[in-house]
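Trainee: Sharing start.cif, mmCIF, C-alpha atoms:
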data_my_file
#
loop_
_atom_site.label_atom_id
_atom_site.label_comp_id
_atom_site.auth_asym_id
_atom_site.auth_seq_id
_atom_site.Cartn_x
_atom_site.Cartn_y
_atom_site.Cartn_z
CA MET W 278 0.00 0.00 0.00
CA THR W 279 1.46 3.34 -0.96
CA LEU W 280 1.20 6.41 1.19
CA ALA W 281 0.06 8.41 -1.85
CA ALA W 282 -3.43 7.15 -1.05
CA SER W 283 -3.51 8.96 2.29
CA PRO W 284 -4.36 12.58 1.27
CA PRO W 285 -8.04 11.82 0.41
CA LEU W 286 -8.48 10.36 3.91
CA ARG W 287 -6.72 13.31 5.51
CA GLN W 288 -9.27 15.66 4.00
CA LEU W 289 -12.09 14.01 5.89
CA CYS W 290 -11.23 15.34 9.33
CA SER W 291 -12.43 18.92 8.87
CA ASP W 292 -16.23 18.86 9.11
CA ARG W 293 -17.31 15.39 10.15
CA ASN W 294 -16.20 15.33 13.79
CA LYS W 295 -19.48 16.69 15.16
CA ALA W 296 -20.37 14.03 17.71
CA PHE W 297 -20.28 16.38 20.71
CA ALA W 298 -21.87 19.65 21.84
CA ALA W 299 -20.40 22.10 24.36
CA ILE W 300 -22.65 23.90 26.84
CA GLY W 301 -20.55 26.15 29.06
CA GLU W 302 -17.87 23.90 30.55
CA THR W 303 -19.94 20.72 30.13
CA ILE W 304 -19.44 18.43 27.15
CA ILE W 305 -22.52 16.40 26.22
CA VAL W 306 -21.48 13.38 24.19
CA LYS W 307 -23.79 11.82 21.63
CA THR W 308 -23.45 8.04 21.87
CA ARG W 309 -24.69 5.41 19.50
CA GLY W 310 -22.01 2.71 19.38
CA ALA W 311 -22.83 1.57 22.93
CA ASP W 312 -26.25 0.50 21.64
CA MET W 313 -24.83 -1.33 18.61
CA ASP W 314 -23.90 -5.02 18.66
CA HIS W 315 -20.81 -6.57 17.11
CA VAL W 316 -22.46 -7.17 13.74
CA ASP W 317 -23.72 -3.59 13.56
CA ILE W 318 -20.24 -2.22 14.25
CA ILE W 319 -18.64 -4.42 11.59
CA ASP W 320 -21.31 -3.33 9.12
CA ALA W 321 -20.53 0.33 9.92
CA VAL W 322 -16.80 -0.32 9.45
CA TYR W 323 -17.31 -1.70 5.94
CA GLN W 324 -19.76 1.07 5.09
CA ALA W 325 -17.00 3.54 5.98
CA ALA W 326 -14.58 1.61 3.77
CA VAL W 327 -16.84 2.26 0.78
CA HIS W 328 -17.85 5.79 1.80
CA SER W 329 -14.72 7.28 3.38
CA GLU W 330 -16.53 10.39 4.56
CA GLN W 331 -18.26 8.14 7.14
CA TRP W 332 -15.04 7.24 8.98
CA PRO W 333 -15.34 9.96 11.69
CA ASP W 334 -18.88 8.86 12.60
CA THR W 335 -17.88 5.21 12.48
CA LEU W 336 -14.94 5.93 14.79
CA CYS W 337 -17.38 7.51 17.24
CA SER W 338 -19.44 4.29 17.18
CA ILE W 339 -16.30 2.19 17.72
CA VAL W 340 -15.29 4.45 20.61
CA ASP W 341 -18.65 3.84 22.32
CA TYR W 342 -18.68 0.12 21.54
CA VAL W 343 -15.19 -0.47 22.96
CA GLY W 344 -15.70 1.84 25.94
CA ALA W 345 -13.47 4.84 25.27
CA VAL W 346 -13.82 8.63 25.17
CA ALA W 347 -12.35 9.29 21.71
CA GLY W 348 -10.34 7.76 18.91
CA ASN W 349 -8.67 8.32 15.57
CA ILE W 350 -7.03 6.79 12.55
CA VAL W 351 -3.58 8.33 12.39
CA TYR W 352 -0.45 8.25 10.26
CA GLN W 353 2.72 9.97 11.43
CA ALA W 354 5.25 10.20 8.59
CA PRO W 355 8.96 10.04 9.52
CA GLY W 356 9.56 13.67 8.52
CA GLY W 357 6.06 14.88 9.36
CA ARG W 358 5.11 15.66 5.77
CA GLY W 359 2.19 13.49 4.66
CA SER W 360 0.93 12.84 8.20
CA PHE W 361 -2.82 12.79 8.72
CA LEU W 362 -5.38 12.19 11.43
CA ILE W 363 -9.04 11.22 11.08
CA PRO W 364 -10.75 12.07 14.39
CA GLY W 365 -13.58 10.39 16.21
CA ARG W 366 -14.95 12.71 18.88
CA MET W 367 -11.76 14.72 19.31
CA ARG W 368 -11.11 18.44 19.49
CA GLU W 369 -10.12 19.75 16.09
CA ASP W 370 -7.85 22.48 17.44
CA LEU W 371 -5.93 19.92 19.50
CA ASN W 372 -5.62 17.60 16.52
CA THR W 373 -3.74 20.36 14.68
CA LEU W 374 -1.60 21.10 17.73
CA TYR W 375 -0.79 17.40 18.10
CA LEU W 376 0.38 17.01 14.48
CA GLN W 377 2.45 20.17 14.74
CA ASN W 378 4.18 19.61 18.10
CA TYR W 379 3.56 16.25 19.72
CA THR W 380 3.90 13.38 17.24
CA GLY W 381 7.10 12.33 19.02
CA ASN W 382 5.34 11.78 22.36
CA PRO W 383 6.22 8.76 24.59
CA TYR W 384 3.15 6.78 23.50
CA ALA W 385 4.04 7.13 19.81
CA ARG W 386 7.65 6.09 20.44
CA ALA W 387 6.51 3.03 22.35
CA PHE W 388 3.92 2.11 19.71
CA GLU W 389 6.62 2.05 17.01
CA LYS W 390 7.69 -1.35 18.36
CA VAL W 391 4.21 -2.88 18.29
CA ARG W 392 3.57 -5.26 15.39
CA PRO W 393 0.54 -4.77 13.10
CA GLY W 394 -2.47 -6.71 14.35
CA GLU W 395 -1.42 -6.55 18.01
CA ILE W 396 -3.25 -4.39 20.54
CA ALA W 397 -1.02 -2.22 22.73
CA ILE W 398 -2.13 -0.68 26.04
CA GLY W 399 -0.11 2.51 26.26
CA ASN W 400 0.39 2.89 30.01
CA SER W 401 1.89 -0.61 30.22
CA LEU W 402 4.68 0.45 27.84
CA ILE W 403 5.71 3.84 29.23
CA ASP W 404 6.31 5.70 32.48
CA ALA W 405 2.73 6.95 32.72
CA GLU W 406 3.34 9.03 35.85
CA ALA W 407 6.14 10.96 34.14
CA VAL W 408 3.97 11.58 31.08
CA ARG W 409 1.23 13.08 33.27
CA HIS W 410 3.69 15.80 34.28
CA SER W 411 4.59 16.68 30.66
CA ALA W 412 3.47 19.47 28.33
CA PHE W 413 2.06 16.80 25.99
CA TYR W 414 -0.31 15.56 28.69
CA ALA W 415 -1.31 19.09 29.73
CA ASP W 416 -1.92 20.30 26.18
CA ILE W 417 -3.42 17.23 24.49
CA CYS W 418 -4.52 14.55 26.97
CA GLU W 419 -5.96 16.36 29.95
CA PRO W 420 -8.30 18.68 27.98
CA GLN W 421 -9.80 15.61 26.28
CA ASN W 422 -10.00 13.43 29.41
CA ILE W 423 -7.39 11.01 28.04
CA PHE W 424 -5.72 8.87 30.72
CA ASN W 425 -4.59 5.87 28.67
CA GLN W 426 -4.41 4.74 25.04
CA LEU W 427 -5.10 1.59 23.06
CA PHE W 428 -3.28 1.29 19.75
CA LEU W 429 -3.82 -1.08 16.81
CA PRO W 430 -1.02 -0.63 14.22
CA HIS W 431 -2.02 -0.96 10.57
CA ALA W 432 0.46 -2.67 8.25
CA SER W 433 0.28 -0.25 5.32
CA LEU W 434 0.75 2.77 7.62
CA HIS W 435 3.19 1.25 10.09
CA GLU W 436 6.21 1.07 7.78
CA ARG W 437 9.14 3.00 6.30
CA GLY W 438 9.92 4.55 9.65
CA GLY W 439 6.40 5.92 10.11
CA ILE W 440 3.74 4.90 12.56
CA GLY W 441 0.03 4.55 11.92
CA GLY W 442 -3.13 2.74 12.84
CA VAL W 443 -6.19 3.03 15.06
CA ALA W 444 -5.88 4.71 18.47
CA LEU W 445 -8.60 4.72 21.12
CA PHE W 446 -8.36 6.87 24.24
CA LEU W 447 -9.55 5.89 27.73
CA SER W 448 -10.53 8.12 30.64
CA ARG W 449 -9.29 7.38 34.19
CA GLN W 450 -12.59 5.62 34.95
CA GLN W 451 -12.53 3.61 31.71
CA ASP W 452 -8.92 2.58 32.34
CA GLU W 453 -10.17 0.22 35.04
CA HIS W 454 -11.61 -1.86 32.18
CA ALA W 455 -8.71 -1.42 29.75
CA ALA W 456 -8.27 -5.18 29.25
CA GLU W 457 -11.93 -5.60 28.24
CA ALA W 458 -11.70 -2.62 25.89
CA ALA W 459 -8.58 -4.10 24.31
CA ALA W 460 -10.37 -7.44 23.87
CA ARG W 461 -13.25 -5.73 22.08
CA LEU W 462 -10.88 -3.83 19.82
CA LYS W 463 -9.06 -7.11 19.10
CA LEU W 464 -12.32 -8.62 17.80
CA LEU W 465 -12.68 -5.68 15.41
CA SER W 466 -9.02 -5.58 14.34
CA PRO W 467 -9.15 -7.84 11.23
CA HIS W 468 -12.19 -5.95 9.93
CA MET W 469 -10.58 -2.57 10.63
CA ALA W 470 -7.43 -3.62 8.75
CA ARG W 471 -9.39 -4.79 5.69
CA ALA W 472 -11.66 -1.73 5.74
CA ILE W 473 -8.78 0.76 5.88
CA ASP W 474 -7.03 -0.98 2.98
CA LEU W 475 -10.30 -1.02 1.05
CA SER W 476 -10.71 2.72 1.65
CA PHE W 477 -7.30 3.38 0.15
CA GLN W 478 -8.06 1.24 -2.89
CA ILE W 479 -11.45 2.88 -3.50
CA ASN W 480 -9.98 6.38 -3.15
CA LYS W 481 -7.28 5.40 -5.64
CA ILE W 482 -9.89 4.18 -8.13
CA ASN W 483 -11.99 7.32 -7.64
CA ARG W 484 -8.98 9.45 -8.56
CA ALA W 485 -8.32 7.46 -11.73
CA PRO W 486 -10.28 9.81 -14.06
CA GLU W 487 -7.70 12.52 -13.33
CA LEU W 488 -4.83 10.40 -14.63
CA PRO W 489 -5.41 10.78 -18.40
CA GLN W 490 -5.42 14.58 -18.12
CA ARG W 491 -2.21 14.47 -16.10
CA LEU W 492 -0.70 12.20 -18.73
CA ILE W 493 -1.33 14.50 -21.67
CA ASP W 494 -0.52 17.66 -19.71
CA ALA W 495 2.96 16.21 -19.15
CA ILE W 496 3.55 16.04 -22.94
CA PRO W 497 5.11 19.29 -24.22
CA ASP W 498 3.74 18.90 -27.76
CA ALA W 499 0.07 18.63 -28.73
CA ALA W 500 -1.65 15.55 -27.30
CA VAL W 501 -5.22 14.30 -27.76
CA LEU W 502 -7.06 11.40 -26.12
CA ILE W 503 -9.73 9.58 -28.13
CA ASP W 504 -12.52 7.55 -26.55
CA GLY W 505 -13.93 4.22 -27.68
CA ARG W 506 -16.34 5.87 -30.15
CA GLY W 507 -13.58 7.84 -31.89
CA ALA W 508 -14.57 11.14 -30.26
CA VAL W 509 -12.08 13.57 -28.75
CA LEU W 510 -12.08 13.08 -25.00
CA LEU W 511 -9.31 15.34 -23.70
CA LEU W 512 -6.85 17.89 -25.08
CA ASN W 513 -3.77 19.44 -23.54
CA ALA W 514 -3.00 23.16 -23.87
CA ALA W 515 -0.63 22.65 -26.81
CA ALA W 516 -3.33 20.73 -28.72
CA GLU W 517 -5.89 23.49 -28.14
CA THR W 518 -3.42 26.06 -29.49
CA LEU W 519 -2.63 23.94 -32.54
CA LEU W 520 -6.30 23.29 -33.34
CA ARG W 521 -7.16 26.98 -33.09
CA GLN W 522 -4.71 27.59 -35.96
CA ALA W 523 -6.90 25.34 -38.18
CA ASP W 524 -3.97 24.61 -40.47
CA GLY W 525 -4.19 20.93 -41.39
CA ILE W 526 -6.26 19.47 -38.55
CA PHE W 527 -9.35 20.61 -36.70
CA LEU W 528 -12.23 19.40 -34.53
CA SER W 529 -15.28 18.44 -36.55
CA ARG W 530 -18.52 20.10 -35.48
CA SER W 531 -20.45 16.85 -35.11
CA GLU W 532 -22.38 15.71 -32.04
CA ARG W 533 -19.19 14.04 -30.80
CA PRO W 534 -16.18 16.22 -31.73
CA ALA W 535 -13.69 14.18 -33.74
CA LEU W 536 -10.24 14.91 -35.06
CA ALA W 537 -10.31 15.63 -38.80
CA ALA W 538 -7.93 16.87 -41.52
CA HIS W 539 -8.47 19.67 -44.03
CA ILE W 540 -6.93 17.94 -47.04
CA SER W 541 -9.11 15.05 -48.25
CA GLU W 542 -6.36 12.47 -48.83
CA THR W 543 -4.89 13.14 -45.39
CA ALA W 544 -8.37 13.10 -43.83
CA THR W 545 -8.99 9.57 -45.13
CA ARG W 546 -5.65 8.32 -43.83
CA LEU W 547 -6.28 9.91 -40.44
CA ALA W 548 -9.77 8.42 -40.10
CA ASN W 549 -8.49 4.96 -41.08
CA ALA W 550 -5.58 5.16 -38.65
CA ILE W 551 -7.86 6.12 -35.74
CA ARG W 552 -10.29 3.34 -36.63
CA GLN W 553 -7.48 0.75 -36.74
CA ALA W 554 -6.07 2.00 -33.43
CA LEU W 555 -9.49 1.58 -31.80
CA LEU W 556 -9.69 -2.00 -33.05
CA ILE W 557 -6.30 -2.75 -31.52
CA ALA W 558 -7.29 -1.01 -28.27
CA ASN W 559 -10.28 -3.38 -28.13
CA GLY W 560 -8.00 -6.38 -28.44
CA GLU W 561 -8.26 -7.13 -32.17
CA ASP W 562 -5.26 -8.13 -34.28
CA THR W 563 -5.16 -5.85 -37.31
CA PRO W 564 -2.42 -4.19 -39.43
CA PHE W 565 -1.59 -0.74 -38.20
CA GLU W 566 0.70 2.14 -39.10
CA GLY W 567 0.89 4.52 -36.19
CA ALA W 568 2.71 7.45 -37.81
CA LEU W 569 1.57 9.75 -40.58
CA ALA W 570 2.23 13.23 -41.95
CA ILE W 571 -0.59 15.78 -41.91
CA SER W 572 -0.33 18.19 -44.85
CA ARG W 573 -1.08 21.85 -44.14
CA PRO W 574 -2.97 24.23 -46.47
CA SER W 575 -0.54 27.01 -45.50
CA GLY W 576 2.30 25.16 -47.21
CA LEU W 577 4.30 24.96 -43.98
CA PRO W 578 6.06 21.66 -43.19
CA PRO W 579 3.49 18.95 -42.37
CA TYR W 580 2.63 17.95 -38.82
CA LEU W 581 4.04 14.63 -37.68
CA MET W 582 1.34 12.55 -35.97
CA MET W 583 1.89 9.46 -33.81
CA ILE W 584 -1.19 7.39 -32.98
CA THR W 585 -0.91 4.95 -30.07
CA PRO W 586 -3.64 2.44 -29.09
CA LEU W 587 -3.99 2.19 -25.31
CA ALA W 588 -3.95 -1.37 -24.01
CA PRO W 589 -7.30 -2.75 -22.85
CA THR W 590 -7.70 -2.77 -19.06
CA ALA W 591 -7.15 -6.05 -17.27
CA ILE W 592 -9.89 -5.43 -14.70
CA SER W 593 -13.37 -4.58 -15.93
CA THR W 594 -13.99 -2.19 -13.01
CA TRP W 595 -11.38 0.18 -14.42
CA ASP W 596 -13.24 0.41 -17.72
CA ALA W 597 -15.76 2.65 -16.00
CA THR W 598 -13.18 4.84 -14.29
CA ASP W 599 -10.42 5.48 -16.83
CA SER W 600 -12.44 8.18 -18.63
CA GLY W 601 -12.89 5.92 -21.65
CA ALA W 602 -9.47 6.79 -23.16
CA ARG W 603 -8.59 4.30 -25.89
CA VAL W 604 -6.15 6.11 -28.22
CA LEU W 605 -3.42 8.68 -27.60
CA ILE W 606 -2.56 11.01 -30.51
CA HIS W 607 0.67 12.98 -30.32
CA VAL W 608 1.13 15.82 -32.84
CA VAL W 609 4.49 17.49 -33.47
CA ASP W 610 4.80 20.74 -35.41
CA PRO W 611 8.39 20.50 -36.72
CA GLU W 612 8.52 24.17 -37.62
CA ALA W 613 7.30 25.36 -34.22
CA LYS W 614 9.65 22.99 -32.44
CA THR W 615 12.58 24.04 -34.59
CA LEU W 616 11.74 27.71 -34.04
CA ARG W 617 11.84 27.21 -30.26
CA GLN W 618 15.19 25.44 -30.60
CA ALA W 619 16.49 28.23 -32.84
CA GLN W 620 15.44 30.75 -30.19
CA GLN W 621 17.53 28.81 -27.69
CA LEU W 622 20.39 29.00 -30.19
CA GLN W 623 19.86 32.76 -30.36
CA HIS W 624 20.38 33.10 -26.61
CA ILE W 625 23.42 30.82 -26.64
CA PHE W 626 25.32 32.36 -29.57
CA GLY W 627 23.89 35.88 -29.70
CA LEU W 628 22.12 35.65 -33.07
CA THR W 629 20.06 38.58 -34.28
CA ASP W 630 16.32 38.15 -34.86
CA ALA W 631 16.87 38.01 -38.64
CA GLU W 632 19.61 35.39 -38.27
CA THR W 633 17.39 33.37 -35.95
CA ARG W 634 14.56 33.30 -38.51
CA VAL W 635 16.96 32.00 -41.17
CA ALA W 636 18.44 29.43 -38.75
CA ALA W 637 14.96 28.16 -37.84
CA LEU W 638 14.06 27.56 -41.48
CA ILE W 639 17.41 25.86 -42.12
CA GLY W 640 16.51 23.61 -39.21
CA THR W 641 13.30 22.54 -40.97
CA GLY W 642 15.30 21.35 -43.99
CA MET W 643 14.55 24.25 -46.33
CA ASN W 644 17.31 25.35 -48.74
CA LEU W 645 18.43 28.97 -49.14
CA PRO W 646 16.23 29.85 -52.19
CA GLU W 647 13.18 28.44 -50.38
CA ILE W 648 14.05 30.48 -47.29
CA ALA W 649 14.38 33.64 -49.39
CA LEU W 650 10.95 33.01 -50.88
CA ALA W 651 9.37 32.23 -47.51
CA LEU W 652 10.81 35.35 -45.84
CA GLY W 653 10.37 37.63 -48.84
CA ILE W 654 14.01 38.71 -48.93
CA SER W 655 16.80 38.34 -51.49
CA SER W 656 18.98 35.24 -51.80
CA ASN W 657 22.06 37.33 -51.07
CA THR W 658 20.57 38.53 -47.80
CA VAL W 659 19.75 34.94 -46.82
CA LYS W 660 23.32 33.87 -47.65
CA THR W 661 24.67 36.71 -45.49
CA HIS W 662 22.49 35.75 -42.52
CA ALA W 663 23.32 32.06 -42.97
CA GLY W 664 27.07 32.79 -43.09
CA ARG W 665 26.86 34.78 -39.87
CA CYS W 666 24.92 31.93 -38.22
CA PHE W 667 27.64 29.48 -39.27
CA GLY W 668 30.37 31.69 -37.85
CA LYS W 669 28.68 32.35 -34.51
CA ALA W 670 27.65 28.70 -34.01
CA GLY W 671 30.98 27.30 -35.13
CA VAL W 672 29.66 25.17 -38.03
CA ARG W 673 30.45 25.12 -41.75
CA SER W 674 27.26 23.96 -43.49
CA GLN W 675 23.48 24.07 -43.45
CA ALA W 676 23.36 20.38 -42.53
CA ALA W 677 25.66 20.94 -39.54
CA LEU W 678 23.57 23.90 -38.36
CA ALA W 679 20.37 21.84 -38.70
CA ARG W 680 21.90 19.02 -36.63
CA LEU W 681 23.00 21.51 -33.96
CA ILE W 682 19.52 23.02 -33.74
CA ALA W 683 17.88 19.57 -33.48
CA SER W 684 20.21 18.68 -30.57
CA ILE W 685 19.18 21.67 -28.43
CA PRO W 686 16.67 20.88 -25.64
CA ILE W 687 13.63 23.12 -25.45
CA ALA W 688 13.02 25.19 -22.33
CA GLU W 689 9.25 25.05 -22.09
CA LYS W 690 7.23 28.04 -20.88
CA ARG W 691 3.80 26.48 -20.71
CA ALA W 692 0.67 28.32 -19.72
CA PRO W 693 -1.68 26.61 -17.27
CA THR W 694 -3.99 24.12 -18.95
CA PRO W 695 -7.50 25.56 -19.47
CA THR W 696 -9.84 23.55 -17.30
CA GLY W 697 -13.51 22.91 -16.93
CA SER W 698 -15.42 22.40 -13.72
CA HIS W 699 -13.57 19.15 -12.99
CA GLY W 700 -10.10 20.37 -13.85
CA ARG W 701 -10.03 18.95 -17.38
CA SER W 702 -9.64 20.51 -20.75
CA SER W 703 -12.83 20.41 -22.75
CA PRO W 704 -12.67 19.59 -26.46
CA ARG W 705 -13.87 22.58 -28.42
CA ALA W 706 -14.48 23.09 -32.08
CA PRO W 707 -12.41 25.97 -33.52
#
Here is a file; write its structure as structure tokens.
Mentor:
Amino acid sequence: MTLAASPPLRQLCSDRNKAFAAIGETIIVKTRGADMDHVDIIDAVYQAAVHSEQWPDTLCSIVDYVGAVAGNIVYQAPGGRGSFLIPGRMREDLNTLYLQNYTGNPYARAFEKVRPGEIAIGNSLIDAEAVRHSAFYADICEPQNIFNQLFLPHASLHERGGIGGVALFLSRQQDEHAAEAAARLKLLSPHMARAIDLSFQINKINRAPELPQRLIDAIPDAAVLIDGRGAVLLLNAAAETLLRQADGIFLSRSERPALAAHISETATRLANAIRQALLIANGEDTPFEGALAISRPSGLPPYLMMITPLAPTAISTWDATDSGARVLIHVVDPEAKTLRQAQQLQHIFGLTDAETRVAALIGTGMNLPEIALALGISSNTVKTHAGRCFGKAGVRSQAALARLIASIPIAEKRAPTPTGSHGRSSPRAP
């Protein structure tokens, strides 16, 4: 179990710990677990596993059933970062104070040595009298009527130098029955362990729809995800910019936006390639060519498109939670990429803007007459700029300059990805 699953649980502790009411100096506790039998408690535990927001209320029921005043599910990371606490009838302000200042208290140090599945009674492991004269006891325990602690380590939290599990807190009066409380917690321990692990797994699955967007946002060039019907599912920022240019590819204005090409021959090849990729993504064995050039009406160098079928999921449950992504399309604009590399070259070797424009076009493979025509300047001027580029960069030919430009990494300056209400880019027709 990875600790990356813990943040969704950590977020639960803010508003759900409402099982008490304060009237003056008197705390009136709402109890319900004391009236629940063993089967009811186990049912509540597994309900919380499926609906993680129920954990604070379920902890309150466990507290009453075992015979305690409060409890929590806690993880204390070795360096503090990533720690969390889900409270059951505990003071929220003291929870924050505890995580900030008191995670290294004597109970926690003693519990580090307890094996997962065992029940530890805190006062039998420490010098309890000395603890009662400490700032930890005065700040955290005494205001919450905590005299002793029961601790059940959880395997996936109690590792890598951290400590984590279920803690239940006993008052002085309840401590007289600590052994019985520990026995009750022991009966619940296998169910608590399975339920906590199940909570982590369900939270992981619920976050799965975010993964495709993160995947394509990490790609510096244009990236598009296609669903099982051939419709555009997600775009990254670079893809939205490229599609707005409407120079070679665009989003069709059909009911389900699809990727299409302006030039008919290219459009047919693109449609066939996407259809074949979908067949492969569905497990069929069919011939497939995953790379094609997309001609551009502007006459600029064609886009290079790579089409990748995504492997079918091994577990059917994930089919409903992976956002339906079946094909990844990666589009490279050679001219734009080369221009960015040429701009890096400009900073490195001190090229002028005019020299940089010539260098960028040399990098795309254009010869000097073609560059002169594209820039609307004379061949002699192009030769002059090219010669200066060669001298500053320390090369002797157009081919050498093109190789140098292609070898330069691009320093990306990417704008934040436009998002919808759920943090995803929405496919839009230009």
Trainee: Skipping near chain neighbours, those fewer than 5 positions away, what residues fall within 12 Å of Phe667 in chain W using only C-alpha atoms, listed as a list in words?
Mentor: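 Returned residues: Leu622, Phe626, Leu628, Glu632, Thr633, Val635, Ala636, Ile639, Lys660, Thr661, His662, Val672, Arg673, Ser674, Gln675, Ala676, Ala677, Leu678, Ala679, Leu681 and Ile682 of chain W.
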Trainee: Using the file's own x, y and z axes, what box holds all listed atoms of range 397-401 of chain W with 8 Å on each side, keeping edges along x, y and z, and what are its centre and edge lengths in Å to one decimal, as lines of an AutoDock Vina configuration file?
Mentor:
center_x = -0.1
center_y = 0.3
center_z = 26.5
size_x = 20.0
size_y = 21.1
size_z = 23.5
Trainee: From the list W:Gly381, W:Pro534, W:Gly505, W:Gly348, which residue is nearest Ser448 in chain W when using only C-alpha atoms?
Mentor: W:Gly348
Trainee: Enumerate, as a count of residues only, the residues matched when the PyMOL selection byres ((chain W and resi 513-522) around 6) is run on the file above.
Mentor: 11
Trainee: Residues picked by the PyMOL selection byres ((chain W and resi 431-443) around 10) here, as a count of residues only?
Mentor: 46
